[in-house]
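To keep things clear, I will list the structure first and then write my remarks on it.
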Amino acid sequence: MTAVVVSDTSDRPTELGSGGVAMPAAAPDGRPSGEPARTEPAPSALRVASTMLLLLSFVVLIFATYIGAFSSLHHARAQYTSYANFRKELAQATAPVGPTRPDDPSKLLAQGTAVAVLSIPRIDLREVVFEGTTGSILQNGPGHLRNTPMPGQSGVSVIMGRATTYGGPFGQLSTLNPGDTFTVTTGQGVSTFRVLGVRRGGDPFPPPVAAGGGRLTLTTADGSPLLPSGVLRVDADLTSPALPTPPMPLTRRDLSTAELALGTDQFAWMQLVLWGQALVAAAVLLAVARLHWGRWQVWTVSVPVLVFFCVGTADQIARLLPNLM
């Protein structure tokens with residue numbers, strides 16, 4: 001049998017296979033010359049690093065979304081449950097009426113306890129007010145400054161609230177006008193207030209409170225959202241009879257800096273470190289899992305895990321931000 005040689009116009013050499021049929025010569029790496037080169041997989045360390053970077057970018061996105069939008073869900077839930085419980089306390093006459101516990105006057109009222117309901121029809125606001133003004137308490141709603149009398153009692157009472165984050169319940173205070181009225185309900189009854197005006201840093205103070213009279217100052221952040229530049233206050237005089245005022249055992253020195261206007265809670269650093277470590281550990285484990293699982297399997301597991309740790313971390317970071325923001 002005569003061998004038939006098929007000419008190849010390319011520069012690649014040919015080989016004769018069985019039966020004398022010409023076959024393409026093998027490439028230097030052992031693959032057939034007509035087969036495209038195989039891409040080597042990326043090194044494991046590079047894949048882990050790229051996956052971690054992607055996961056951490058996802059974490060930052062979740063944090064920004066939570067603080068900017070979904071923190072209001074935290075506030076709404078706290079208000080819903082607290083309002084139901086406080087109504088029950090009002091009906092049973094067990095709601096607190098002073099800085100000490102109703103069942104044990106020798107002990108201070110626990111911070112975070114519901115003490116009043118603030119209703120301002122002009123801005124469609126109805127909020128449960130809690131004892132204390134730290135950032136973590138103001139996540140749930142407005143807070144009563146502990147060294148001031150309860151709203152409706154003699155003297156000047158102060159209630160603080162957030163302007164933007166966690167529902168921003170006091171975000172519309174600047175729209176109140178002199179003469180607007182609102183009410184505050186406490187364990188002693190309903191008190192009515194009339195707005196004197198809105199003041200910012202550098203504005204003159206209102207006239208002193210009349211002897212035996214009461215005043216309520218609503219306080220929040222002033223300036224651009226998430227970038228407070230000062231403090232905004234709304235002063236309102238009590239127009240209903242002043243309620244009995246129990247002794248005040250607290251002074252300005254008994255308050256921490258976290259309870260003052262635009263204060264930050266430095267005790268949140270420890271919990272933030274713990275939550276941050278857990279978040280980074282979860283990101284590392286999920287990045288390593290990418291070496292053994294498919295992309296979609298990793299994301300299916302990582303989304304709920306990262307959302308959980310992001311929400312916990314965001315709550316701690318919020319405590320380090322100004323409490324009126």
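Identifiers in the structure tokens: chain A, B, ... in order shown; residue index from 1 per chain; ligand index from 1 in order shown.
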Would you mind listing what lies within 10 Å of Gln172 of chain A as a list in words, with only C-alpha atoms counted and same-chain residues fewer than 2 positions away left out?
Arg122, Ile123, Asp124, Leu125, Ala163, Thr164, Gly168, Pro169, Phe170, Ser174, Thr175, Leu176 and Thr220 of chain A
Can you pull out the residues contacting Pro206 of chain A? Cut-off 10 Å, using only C-alpha atoms, and skip same-chain residues under 4 positions away; I want them as a PDB file with N, CA, C and O atoms, in the first residue's frame.
```pdb
ATOM      1  N   LEU A 196     -42.440  77.884  72.568  1.00  0.00           N
ATOM      2  CA  LEU A 196     -41.964  79.270  72.614  1.00  0.00           C
ATOM      3  C   LEU A 196     -41.179  79.621  71.356  1.00  0.00           C
ATOM      4  O   LEU A 196     -41.247  80.755  70.868  1.00  0.00           O
ATOM      5  N   GLY A 197     -40.421  78.656  70.847  1.00  0.00           N
ATOM      6  CA  GLY A 197     -39.637  78.917  69.649  1.00  0.00           C
ATOM      7  C   GLY A 197     -38.534  77.890  69.480  1.00  0.00           C
ATOM      8  O   GLY A 197     -38.296  77.044  70.350  1.00  0.00           O
ATOM      9  N   VAL A 198     -37.862  77.976  68.341  1.00  0.00           N
ATOM     10  CA  VAL A 198     -36.736  77.103  68.006  1.00  0.00           C
ATOM     11  C   VAL A 198     -35.452  77.917  68.139  1.00  0.00           C
ATOM     12  O   VAL A 198     -35.373  79.052  67.666  1.00  0.00           O
ATOM     13  N   ARG A 199     -34.451  77.338  68.783  1.00  0.00           N
ATOM     14  CA  ARG A 199     -33.177  78.044  68.927  1.00  0.00           C
ATOM     15  C   ARG A 199     -32.002  77.113  68.616  1.00  0.00           C
ATOM     16  O   ARG A 199     -32.061  75.909  68.844  1.00  0.00           O
ATOM     17  N   ASP A 235     -38.034  75.040  72.850  1.00  0.00           N
ATOM     18  CA  ASP A 235     -38.484  75.315  74.210  1.00  0.00           C
ATOM     19  C   ASP A 235     -40.002  75.450  74.227  1.00  0.00           C
ATOM     20  O   ASP A 235     -40.597  76.103  73.357  1.00  0.00           O
ATOM     21  N   ALA A 236     -40.629  74.828  75.223  1.00  0.00           N
ATOM     22  CA  ALA A 236     -42.086  74.883  75.346  1.00  0.00           C
ATOM     23  C   ALA A 236     -42.452  75.018  76.810  1.00  0.00           C
ATOM     24  O   ALA A 236     -41.925  74.286  77.669  1.00  0.00           O
TER      25      ALA A 236
END
```
Based on DSSP run over this structure's backbone, return all residues of segment 127-294 of chain A in strand (DSSP E or B), as a PyMOL selection string.
chain A and resi 127-131+143-144+153+155-160+181-186+189-199+214-224+227-238+243
Would you please extract all helix (DSSP H, G or I) residues from segment 203-282 of chain A, as assigned by DSSP on the backbone, and give them as a PyMOL selection string?
chain A and resi 252-254+257-259+268-282
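Take the candidates A:Leu138, A:Leu216, A:Val234, A:Val128 and check each one against Leu324 of chain A using only C-alpha atoms; the shortest distance goes to A:Leu138.
Restricting the calculation to only C-alpha atoms, the smallest distance between Thr219 of chain A and any of A:His144, A:Leu279, A:Phe267, A:Thr186 is found for A:His144.
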